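Raw contents of run_25.pdb, PDB, C-alpha atoms, pLDDT in the B column:
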```
ATOM      1  CA  MET A  81      77.288 107.633  94.960  1.00 35.00           C
ATOM      2  CA  ASP A  82      74.287 107.038  92.727  1.00 35.00           C
ATOM      3  CA  GLU A  83      75.127 103.430  91.937  1.00 36.00           C
ATOM      4  CA  MET A  84      75.660 100.644  94.412  1.00 37.00           C
ATOM      5  CA  MET A  85      79.279  99.536  94.397  1.00 38.00           C
ATOM      6  CA  PRO A  86      79.887  95.824  95.035  1.00 38.00           C
ATOM      7  CA  HIS A  87      82.555  94.968  97.558  1.00 40.00           C
ATOM      8  CA  SER A  88      84.426  91.740  97.786  1.00 39.00           C
ATOM      9  CA  HIS A  89      87.345  91.116 100.079  1.00 43.00           C
ATOM     10  CA  LEU A  90      88.275  88.461  97.527  1.00 39.00           C
ATOM     11  CA  PRO A  91      87.865  89.952  94.021  1.00 42.00           C
ATOM     12  CA  ALA A  92      88.126  87.473  91.194  1.00 39.00           C
ATOM     13  CA  VAL A  93      90.917  86.780  88.728  1.00 41.00           C
ATOM     14  CA  GLY A  94      91.390  83.187  87.583  1.00 42.00           C
ATOM     15  CA  VAL A  95      94.618  81.344  88.409  1.00 41.00           C
ATOM     16  CA  ALA A  96      95.987  77.855  87.851  1.00 42.00           C
ATOM     17  CA  ASP A  97      94.310  75.257  90.036  1.00 45.00           C
ATOM     18  CA  ASP A  98      97.596  73.711  91.125  1.00 49.00           C
ATOM     19  CA  GLU A  99      99.494  76.877  92.061  1.00 56.00           C
ATOM     20  CA  PRO A 100     102.139  75.876  94.645  1.00 63.00           C
ATOM     21  CA  SER A 101     102.412  77.944  97.814  1.00 79.00           C
ATOM     22  CA  LEU A 102     105.916  79.089  96.800  1.00 83.00           C
ATOM     23  CA  ALA A 103     104.432  80.752  93.701  1.00 86.00           C
ATOM     24  CA  GLY A 104     102.062  82.702  95.942  1.00 87.00           C
ATOM     25  CA  VAL A 105     104.916  83.745  98.232  1.00 89.00           C
ATOM     26  CA  ILE A 106     106.984  84.883  95.236  1.00 90.00           C
ATOM     27  CA  ALA A 107     103.980  86.807  93.861  1.00 91.00           C
ATOM     28  CA  GLU A 108     103.634  88.681  97.151  1.00 93.00           C
ATOM     29  CA  ASP A 109     107.388  89.320  97.332  1.00 92.00           C
ATOM     30  CA  VAL A 110     107.229  90.822  93.834  1.00 94.00           C
ATOM     31  CA  ALA A 111     104.178  92.907  94.806  1.00 95.00           C
ATOM     32  CA  ALA A 112     106.167  94.330  97.734  1.00 94.00           C
ATOM     33  CA  TRP A 113     109.034  95.001  95.307  1.00 95.00           C
ATOM     34  CA  CYS A 114     106.615  96.890  93.036  1.00 96.00           C
ATOM     35  CA  ARG A 115     105.541  99.086  95.953  1.00 96.00           C
ATOM     36  CA  ARG A 116     109.158  99.877  96.765  1.00 95.00           C
ATOM     37  CA  LEU A 117     109.890 100.577  93.095  1.00 96.00           C
ATOM     38  CA  SER A 118     106.945 102.988  92.925  1.00 96.00           C
ATOM     39  CA  SER A 119     108.350 104.953  95.851  1.00 96.00           C
ATOM     40  CA  THR A 120     111.798 105.007  94.239  1.00 96.00           C
ATOM     41  CA  LEU A 121     110.409 106.359  90.954  1.00 97.00           C
ATOM     42  CA  LEU A 122     108.658 109.184  92.796  1.00 96.00           C
ATOM     43  CA  GLU A 123     111.380 110.056  95.305  1.00 96.00           C
ATOM     44  CA  GLU A 124     114.591 109.813  93.257  1.00 96.00           C
ATOM     45  CA  THR A 125     115.928 111.669  90.207  1.00 97.00           C
ATOM     46  CA  GLY A 126     118.975 111.642  87.949  1.00 97.00           C
ATOM     47  CA  GLU A 127     121.891 109.296  88.560  1.00 97.00           C
ATOM     48  CA  SER A 128     120.579 108.339  91.990  1.00 96.00           C
ATOM     49  CA  LEU A 129     117.390 107.072  90.355  1.00 97.00           C
ATOM     50  CA  LEU A 130     119.263 105.120  87.676  1.00 97.00           C
ATOM     51  CA  GLY A 131     121.531 103.505  90.247  1.00 97.00           C
ATOM     52  CA  LYS A 132     118.619 102.393  92.388  1.00 96.00           C
ATOM     53  CA  LEU A 133     116.721 101.085  89.363  1.00 96.00           C
ATOM     54  CA  ARG A 134     119.698  98.911  88.392  1.00 96.00           C
ATOM     55  CA  ALA A 135     119.870  97.554  91.928  1.00 96.00           C
ATOM     56  CA  GLU A 136     116.130  96.891  91.950  1.00 95.00           C
ATOM     57  CA  ALA A 137     116.384  95.010  88.648  1.00 95.00           C
ATOM     58  CA  ASP A 138     118.892  92.645  90.260  1.00 94.00           C
ATOM     59  CA  ILE A 139     116.606  92.194  93.263  1.00 93.00           C
ATOM     60  CA  LEU A 140     113.670  91.348  90.980  1.00 94.00           C
ATOM     61  CA  ARG A 141     115.652  88.591  89.258  1.00 92.00           C
ATOM     62  CA  THR A 142     116.462  87.127  92.664  1.00 91.00           C
ATOM     63  CA  LEU A 143     112.818  87.245  93.731  1.00 90.00           C
ATOM     64  CA  VAL A 144     111.536  85.582  90.556  1.00 89.00           C
ATOM     65  CA  ASP A 145     114.084  82.795  90.999  1.00 86.00           C
ATOM     66  CA  GLY A 146     112.669  82.223  94.474  1.00 76.00           C
ATOM     67  CA  GLU A 147     115.931  83.033  96.226  1.00 71.00           C
ATOM     68  CA  GLY A 148     115.307  84.473  99.657  1.00 61.00           C
ATOM     69  CA  SER A 149     111.681  83.299  99.771  1.00 60.00           C
ATOM     70  CA  VAL A 150     110.598  80.934 102.512  1.00 55.00           C
ATOM     71  CA  VAL A 151     110.368  77.615 100.673  1.00 51.00           C
ATOM     72  CA  ASP A 152     107.738  76.133 102.990  1.00 56.00           C
ATOM     73  CA  GLY A 153     106.060  79.469 103.709  1.00 70.00           C
ATOM     74  CA  GLN A 154     102.468  80.337 102.928  1.00 81.00           C
ATOM     75  CA  PRO A 155     101.225  83.459 101.118  1.00 86.00           C
ATOM     76  CA  GLN A 156      99.305  86.034 103.136  1.00 87.00           C
ATOM     77  CA  ALA A 157      96.643  86.270 100.425  1.00 86.00           C
ATOM     78  CA  PRO A 158      96.375  82.768  98.924  1.00 87.00           C
ATOM     79  CA  PRO A 159      94.028  81.949  96.040  1.00 87.00           C
ATOM     80  CA  TYR A 160      90.535  80.901  97.087  1.00 87.00           C
ATOM     81  CA  ARG A 161      87.538  79.162  95.542  1.00 87.00           C
ATOM     82  CA  ASP A 162      84.425  81.138  94.733  1.00 84.00           C
ATOM     83  CA  ARG A 163      80.883  79.830  95.108  1.00 82.00           C
ATOM     84  CA  LYS A 164      81.146  78.044  91.758  1.00 88.00           C
ATOM     85  CA  GLY A 165      84.352  76.283  92.769  1.00 89.00           C
ATOM     86  CA  ARG A 166      86.622  78.418  90.583  1.00 89.00           C
ATOM     87  CA  LEU A 167      90.052  79.294  91.944  1.00 88.00           C
ATOM     88  CA  ARG A 168      90.574  83.050  92.273  1.00 90.00           C
ATOM     89  CA  ASN A 169      93.318  85.446  93.297  1.00 90.00           C
ATOM     90  CA  GLN A 170      92.726  87.942  96.079  1.00 90.00           C
ATOM     91  CA  THR A 171      92.837  91.263  94.217  1.00 92.00           C
ATOM     92  CA  ASN A 172      91.502  93.731  96.802  1.00 92.00           C
ATOM     93  CA  PRO A 173      93.292  97.064  96.071  1.00 93.00           C
ATOM     94  CA  VAL A 174      93.433  97.982  99.770  1.00 93.00           C
ATOM     95  CA  THR A 175      94.195  94.774 101.655  1.00 91.00           C
ATOM     96  CA  SER A 176      95.630  92.107  99.325  1.00 92.00           C
ATOM     97  CA  ALA A 177      99.346  91.413  99.774  1.00 92.00           C
ATOM     98  CA  ARG A 178      99.330  90.114  96.195  1.00 93.00           C
ATOM     99  CA  ASN A 179      98.107  93.410  94.709  1.00 95.00           C
ATOM    100  CA  PRO A 180     100.946  95.969  94.377  1.00 95.00           C
ATOM    101  CA  VAL A 181      98.382  98.794  94.440  1.00 95.00           C
ATOM    102  CA  ALA A 182      97.372  97.840  97.998  1.00 95.00           C
ATOM    103  CA  PRO A 183      99.444  99.257 100.922  1.00 91.00           C
ATOM    104  CA  PRO A 184      98.347  96.579 102.313  1.00 79.00           C
ATOM    105  CA  MET A 185      96.584  97.331 105.609  1.00 85.00           C
ATOM    106  CA  ALA A 186      96.456  95.282 108.801  1.00 81.00           C
ATOM    107  CA  LEU A 187      92.898  94.640 110.001  1.00 82.00           C
ATOM    108  CA  VAL A 188      91.196  93.697 113.238  1.00 86.00           C
ATOM    109  CA  GLY A 189      87.432  93.556 113.550  1.00 85.00           C
ATOM    110  CA  SER A 190      84.393  91.801 114.971  1.00 88.00           C
ATOM    111  CA  ASP A 191      80.813  92.394 116.092  1.00 90.00           C
ATOM    112  CA  GLY A 192      80.108  95.339 113.815  1.00 94.00           C
ATOM    113  CA  GLU A 193      83.413  97.141 114.360  1.00 96.00           C
ATOM    114  CA  SER A 194      86.687  97.200 112.414  1.00 96.00           C
ATOM    115  CA  GLU A 195      90.037  98.929 112.590  1.00 96.00           C
ATOM    116  CA  PHE A 196      92.895  99.177 110.111  1.00 94.00           C
ATOM    117  CA  SER A 197      96.416 100.437 110.706  1.00 94.00           C
ATOM    118  CA  VAL A 198      98.688 101.555 107.884  1.00 95.00           C
ATOM    119  CA  VAL A 199     101.604 103.825 106.955  1.00 96.00           C
ATOM    120  CA  LEU A 200     101.185 105.215 103.446  1.00 96.00           C
ATOM    121  CA  PRO A 201     104.142 106.181 101.218  1.00 96.00           C
ATOM    122  CA  ILE A 202     104.504 108.816  98.514  1.00 96.00           C
ATOM    123  CA  GLN A 203     102.581 106.994  95.766  1.00 96.00           C
ATOM    124  CA  TYR A 204      99.345 107.872  97.599  1.00 97.00           C
ATOM    125  CA  GLN A 205     100.186 111.572  97.719  1.00 97.00           C
ATOM    126  CA  GLY A 206      97.845 114.368  96.676  1.00 97.00           C
ATOM    127  CA  PRO A 207      99.121 117.717  97.967  1.00 96.00           C
ATOM    128  CA  PRO A 208     102.759 117.550  99.161  1.00 96.00           C
ATOM    129  CA  LYS A 209     103.221 115.156 102.111  1.00 96.00           C
ATOM    130  CA  THR A 210      99.456 114.631 102.258  1.00 98.00           C
ATOM    131  CA  LEU A 211      97.239 111.679 101.373  1.00 98.00           C
ATOM    132  CA  HIS A 212      95.088 112.153  98.267  1.00 98.00           C
ATOM    133  CA  GLY A 213      91.504 112.929  99.280  1.00 97.00           C
ATOM    134  CA  GLY A 214      90.096 110.224  97.028  1.00 97.00           C
ATOM    135  CA  TYR A 215      92.187 107.594  98.759  1.00 97.00           C
ATOM    136  CA  VAL A 216      90.941 108.834 102.128  1.00 98.00           C
ATOM    137  CA  SER A 217      87.477 107.843 100.886  1.00 98.00           C
ATOM    138  CA  VAL A 218      88.795 104.451  99.743  1.00 96.00           C
ATOM    139  CA  LEU A 219      90.204 103.714 103.205  1.00 97.00           C
ATOM    140  CA  LEU A 220      86.974 104.710 104.922  1.00 97.00           C
ATOM    141  CA  ASP A 221      84.814 102.757 102.478  1.00 97.00           C
ATOM    142  CA  GLU A 222      86.883  99.599 102.951  1.00 95.00           C
ATOM    143  CA  THR A 223      87.029  99.849 106.735  1.00 96.00           C
ATOM    144  CA  MET A 224      83.347 100.626 107.189  1.00 97.00           C
ATOM    145  CA  TRP A 225      82.405  97.808 104.828  1.00 95.00           C
ATOM    146  CA  HIS A 226      84.463  95.418 106.945  1.00 94.00           C
ATOM    147  CA  ALA A 227      82.510  96.554 109.998  1.00 95.00           C
ATOM    148  CA  VAL A 228      79.287  95.831 108.113  1.00 96.00           C
ATOM    149  CA  ARG A 229      80.664  92.473 107.002  1.00 92.00           C
ATOM    150  CA  THR A 230      81.300  91.368 110.593  1.00 92.00           C
ATOM    151  CA  ALA A 231      77.703  92.210 111.509  1.00 92.00           C
ATOM    152  CA  LEU A 232      75.958  90.525 108.569  1.00 88.00           C
ATOM    153  CA  ASP A 233      75.678  87.007 107.232  1.00 79.00           C
ATOM    154  CA  GLY A 234      76.522  87.571 103.573  1.00 83.00           C
ATOM    155  CA  ILE A 235      77.692  90.268 101.182  1.00 87.00           C
ATOM    156  CA  SER A 236      76.655  93.908 100.989  1.00 92.00           C
ATOM    157  CA  PHE A 237      77.009  96.830  98.610  1.00 95.00           C
ATOM    158  CA  THR A 238      77.896 100.459  99.208  1.00 96.00           C
ATOM    159  CA  ARG A 239      74.875 102.637  98.412  1.00 97.00           C
ATOM    160  CA  GLU A 240      75.981 105.957  99.898  1.00 98.00           C
ATOM    161  CA  LEU A 241      79.228 107.295 101.332  1.00 98.00           C
ATOM    162  CA  THR A 242      79.628 110.824 102.698  1.00 98.00           C
ATOM    163  CA  VAL A 243      83.097 112.012 103.744  1.00 98.00           C
ATOM    164  CA  THR A 244      83.920 115.121 105.767  1.00 98.00           C
ATOM    165  CA  TYR A 245      87.564 116.229 105.705  1.00 98.00           C
ATOM    166  CA  GLU A 246      88.627 117.810 109.003  1.00 98.00           C
ATOM    167  CA  ARG A 247      92.353 118.273 108.293  1.00 98.00           C
ATOM    168  CA  PRO A 248      95.013 116.930 105.888  1.00 98.00           C
ATOM    169  CA  VAL A 249      95.929 113.261 106.336  1.00 98.00           C
ATOM    170  CA  PRO A 250      99.743 113.003 106.547  1.00 98.00           C
ATOM    171  CA  LEU A 251     101.872 110.476 104.687  1.00 97.00           C
ATOM    172  CA  GLY A 252     104.639 108.428 106.268  1.00 96.00           C
ATOM    173  CA  VAL A 253     103.101 108.245 109.744  1.00 97.00           C
ATOM    174  CA  PRO A 254     100.920 105.564 111.375  1.00 96.00           C
ATOM    175  CA  LEU A 255      97.258 106.007 110.501  1.00 97.00           C
ATOM    176  CA  THR A 256      94.301 104.355 112.193  1.00 97.00           C
ATOM    177  CA  VAL A 257      91.076 103.877 110.247  1.00 97.00           C
ATOM    178  CA  ARG A 258      88.005 102.821 112.217  1.00 97.00           C
ATOM    179  CA  GLY A 259      84.524 101.765 111.195  1.00 97.00           C
ATOM    180  CA  ARG A 260      81.416 100.663 113.081  1.00 97.00           C
ATOM    181  CA  VAL A 261      77.826  99.754 112.383  1.00 97.00           C
ATOM    182  CA  THR A 262      75.375 102.264 113.830  1.00 97.00           C
ATOM    183  CA  SER A 263      72.032 100.686 112.902  1.00 97.00           C
ATOM    184  CA  THR A 264      70.250  98.218 110.640  1.00 95.00           C
ATOM    185  CA  ASP A 265      66.859  98.333 108.944  1.00 95.00           C
ATOM    186  CA  GLY A 266      65.995  95.249 106.941  1.00 92.00           C
ATOM    187  CA  ARG A 267      68.503  94.969 104.098  1.00 93.00           C
ATOM    188  CA  LYS A 268      69.981  98.368 105.009  1.00 96.00           C
ATOM    189  CA  THR A 269      72.998  98.748 107.276  1.00 97.00           C
ATOM    190  CA  PHE A 270      74.289 102.141 108.355  1.00 98.00           C
ATOM    191  CA  ALA A 271      77.883 102.725 109.438  1.00 98.00           C
ATOM    192  CA  GLU A 272      80.299 105.488 110.291  1.00 98.00           C
ATOM    193  CA  GLY A 273      84.056 105.798 110.569  1.00 98.00           C
ATOM    194  CA  GLU A 274      87.079 108.057 110.819  1.00 98.00           C
ATOM    195  CA  VAL A 275      90.744 108.342 109.881  1.00 98.00           C
ATOM    196  CA  LEU A 276      93.101 109.322 112.702  1.00 98.00           C
ATOM    197  CA  ALA A 277      96.730 110.453 112.748  1.00 98.00           C
ATOM    198  CA  GLY A 278      98.492 111.065 116.043  1.00 96.00           C
ATOM    199  CA  GLY A 279      95.192 110.626 117.852  1.00 95.00           C
ATOM    200  CA  GLU A 280      93.511 113.436 115.881  1.00 97.00           C
ATOM    201  CA  VAL A 281      90.558 112.856 113.571  1.00 98.00           C
ATOM    202  CA  CYS A 282      91.483 113.872 110.019  1.00 98.00           C
ATOM    203  CA  ALA A 283      88.345 112.700 108.218  1.00 98.00           C
ATOM    204  CA  ARG A 284      84.922 111.298 109.104  1.00 98.00           C
ATOM    205  CA  ALA A 285      82.414 109.349 107.061  1.00 98.00           C
ATOM    206  CA  SER A 286      78.928 107.908 107.208  1.00 98.00           C
ATOM    207  CA  GLY A 287      77.379 105.498 104.777  1.00 98.00           C
ATOM    208  CA  LEU A 288      74.671 103.052 103.818  1.00 98.00           C
ATOM    209  CA  TRP A 289      75.181  99.438 102.713  1.00 97.00           C
ATOM    210  CA  ILE A 290      72.540  97.277 101.046  1.00 96.00           C
ATOM    211  CA  ALA A 291      72.320  93.489 101.237  1.00 94.00           C
ATOM    212  CA  PRO A 292      71.023  91.855  98.029  1.00 92.00           C
ATOM    213  CA  ARG A 293      67.582  90.276  97.980  1.00 88.00           C
ATOM    214  CA  ARG A 294      67.633  86.546  98.592  1.00 79.00           C
TER     215      ARG A 294
END
```

Rewritten as structure tokens:
Amino acid sequence: MDEMMPHSHLPAVGVADDEPSLAGVIAEDVAAWCRRLSSTLLEETGESLLGKLRAEADILRTLVDGEGSVVDGQPQAPPYRDRKGRLRNQTNPVTSARNPVAPPMALVGSDGESEFSVVLPIQYQGPPKTLHGGYVSVLLDETMWHAVRTALDGISFTRELTVTYERPVPLGVPLTVRGRVTSTDGRKTFAEGEVLAGGEVCARASGLWIAPRR
């Protein structure tokens, strides 16, 4: 990558300052519905597709009305305030429960290491039954950046990312994506990572992250 790509676990889209928690829960329920709908559109055809779309339309009406949502529940990805005090939605396309593009992935990480677990459905397909190679890079970039984030005080930007594909990454099975910091040099942080399926490494990556000048 020739240009540095900014990362933010909390990308910015403005929302109402007084959004109730139920609205956030409903938003995430609808995002999950969108993911399910995407799979239906890609897996079904003919009358089976039409029947499932009608059923999904009824489910959407129920979700928007708040029926079935936990009234006193809290969203997984609630709005947050940026450094200027503005309220923002969490829009990360890999991890945000509010973004229907995101799987989303479950993360653990600390002290320069991170690990995601995820099962990816058909909407991420490249070759049949196989994860699209570009999305493999997205998963590695996100996971390695999280490793960098746990090791640094502040934000960082992807400067370089090199991915080596060892074997196809399967869909519909548990995947583990790992990242770790390997070294630092001033504002530069180097990291590496891999995607595993069934204990086998499917792809590896190494990269460089740059912290902005203060």

Quick one, how far is atom CA of A:Met224 from atom CA of A:Glu193?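 Distance between the two atoms: 8.0 Å.
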
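Using only C-alpha atoms for every distance, the candidate list A:Ala135, A:Val188, A:Leu211, A:Leu220 yields A:Leu211 as the residue closest to A:Val253.
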
Skipping near chain neighbours, those fewer than 4 positions away, what residues fall within 7 Å of stretch 99-113 of chain A using all atoms listed in the file, listed as a list in words? Leu117, Leu143, Val144, Gly146, Ser149, Val151, Gly153, Gln154, Pro155, Pro158, Ala177, Arg178, Asn179 and Pro180 of chain A

Dump as a tab-separated table the rows for residues of stretch 109-210 of chain A within 12 Å of stretch 272-279 of chain A: closest atom pair and distance in Å with one decimal, all atoms listed in the file counted, ordered by chain and rising residue number.
```
residue	atom	partner	partner_atom	distance
A:Gly192	CA	A:Glu272	CA	10.7
A:Glu193	CA	A:Gly273	CA	9.5
A:Ser194	CA	A:Gly273	CA	9.2
A:Glu195	CA	A:Gly273	CA	9.3
A:Phe196	CA	A:Val275	CA	9.4
A:Ser197	CA	A:Leu276	CA	9.7
A:Val198	CA	A:Ala277	CA	10.3
A:Val199	CA	A:Ala277	CA	10.1
A:Leu200	CA	A:Ala277	CA	11.6
A:Thr210	CA	A:Ala277	CA	11.6
```

Output the residue selection produced by the PyMOL selection byres ((chain A and resi 288) around 6) on the file above, formatted as a PyMOL selection string. chain A and resi 239-240+269-270+287+289

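Here atom CA of A:Pro250 and atom CA of A:Leu121 stand 20.0 Å from one another.
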
Atom CA of A:Ile139 and atom CA of A:Arg116 are how many Å apart?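 Result for atom CA of A:Ile139 versus atom CA of A:Arg116: 11.3 Å, one decimal.
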
I'd like the contact shell of A:Pro173 - 10 Å cut-off, only C-alpha atoms, skipping same-chain residues fewer than 5 positions apart - returned as a PyMOL selection string. chain A and resi 89+91+178-184+218+222

From the options A:Ser217, A:Ile235, A:Asp138, A:Glu246, which residue's atoms come nearest to A:Ser286, counting all atoms listed in the file? A:Ser217

Residues selected by the PyMOL selection byres ((chain A and resi 204) around 10), written as a PyMOL selection string: chain A and resi 119+181+183+200-203+205-207+209-216+251

What box, with edges along x, y and z, holds each listed atom of stretch 234-245 of chain A when 6 Å is added on every side, and can you state its centre and edge lengths in Å to one decimal, as JSON?
```
{"center_x": 81.2, "center_y": 101.9, "center_z": 102.1, "size_x": 24.7, "size_y": 40.7, "size_z": 19.4}
```

Using only C-alpha atoms, which of A:Lys132, A:Arg115, A:Arg284, A:Arg168 sits nearest A:Tyr245? A:Arg284

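The shortest atom-to-atom distance to A:Arg267, with all atoms listed in the file taken into account, belongs to A:Arg294 out of A:Arg294, A:Arg134, A:Lys164, A:Arg141.
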
Between A:Leu241, A:Ala231, A:Leu219, A:Ala157, which has the minimum distance to A:Arg258 (counting all atoms listed in the file)?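 When distances to A:Arg258 are compared using all atoms listed in the file, the smallest one comes from A:Leu219.
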
Which residue is closest to A:Ala137? Choose from A:Pro208, A:Cys114, A:Leu232, A:Cys282 and count all atoms listed in the file.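 The closest residue to A:Ala137 is A:Cys114.
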
Once N, CA and C atoms are restored for stretch 256-274 of chain A, what would the output be as a short mmCIF file (atom, residue, chain, number, x, y, z; two decimals), in the frame of the given file?
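File written: out.cif
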```cif
data_model
loop_
_atom_site.label_atom_id
_atom_site.label_comp_id
_atom_site.auth_asym_id
_atom_site.auth_seq_id
_atom_site.Cartn_x
_atom_site.Cartn_y
_atom_site.Cartn_z
N THR A 256 95.31 105.30 111.72
CA THR A 256 94.30 104.36 112.19
C THR A 256 92.99 104.69 111.50
N VAL A 257 92.36 103.68 110.92
CA VAL A 257 91.08 103.88 110.25
C VAL A 257 90.07 102.98 110.94
N ARG A 258 89.00 103.57 111.45
CA ARG A 258 88.00 102.82 112.22
C ARG A 258 86.64 102.88 111.54
N GLY A 259 85.89 101.81 111.70
CA GLY A 259 84.52 101.76 111.20
C GLY A 259 83.64 101.01 112.16
N ARG A 260 82.35 101.35 112.19
CA ARG A 260 81.42 100.66 113.08
C ARG A 260 80.00 100.78 112.53
N VAL A 261 79.24 99.76 112.76
CA VAL A 261 77.83 99.75 112.38
C VAL A 261 77.05 100.57 113.41
N THR A 262 76.18 101.44 112.93
CA THR A 262 75.38 102.26 113.83
C THR A 262 73.93 101.79 113.93
N SER A 263 73.40 101.20 112.85
CA SER A 263 72.03 100.69 112.90
C SER A 263 71.76 99.83 111.68
N THR A 264 70.70 99.03 111.77
CA THR A 264 70.25 98.22 110.64
C THR A 264 68.74 98.38 110.49
N ASP A 265 68.28 98.23 109.25
CA ASP A 265 66.86 98.33 108.94
C ASP A 265 66.58 97.43 107.75
N GLY A 266 66.21 96.20 108.02
CA GLY A 266 66.00 95.25 106.94
C GLY A 266 67.29 94.96 106.21
N ARG A 267 67.29 95.20 104.89
CA ARG A 267 68.50 94.97 104.10
C ARG A 267 69.49 96.12 104.21
N LYS A 268 69.12 97.19 104.89
CA LYS A 268 69.98 98.37 105.01
C LYS A 268 70.84 98.29 106.27
N THR A 269 72.10 98.63 106.12
CA THR A 269 73.00 98.75 107.28
C THR A 269 73.71 100.09 107.20
N PHE A 270 73.66 100.83 108.29
CA PHE A 270 74.29 102.14 108.36
C PHE A 270 75.57 102.04 109.18
N ALA A 271 76.60 102.77 108.74
CA ALA A 271 77.88 102.72 109.44
C ALA A 271 78.54 104.09 109.40
N GLU A 272 79.51 104.26 110.27
CA GLU A 272 80.30 105.49 110.29
C GLU A 272 81.75 105.13 110.59
N GLY A 273 82.65 106.07 110.33
CA GLY A 273 84.06 105.80 110.57
C GLY A 273 84.88 107.07 110.54
N GLU A 274 86.18 106.91 110.83
CA GLU A 274 87.08 108.06 110.82
C GLU A 274 88.51 107.60 110.55
#
```
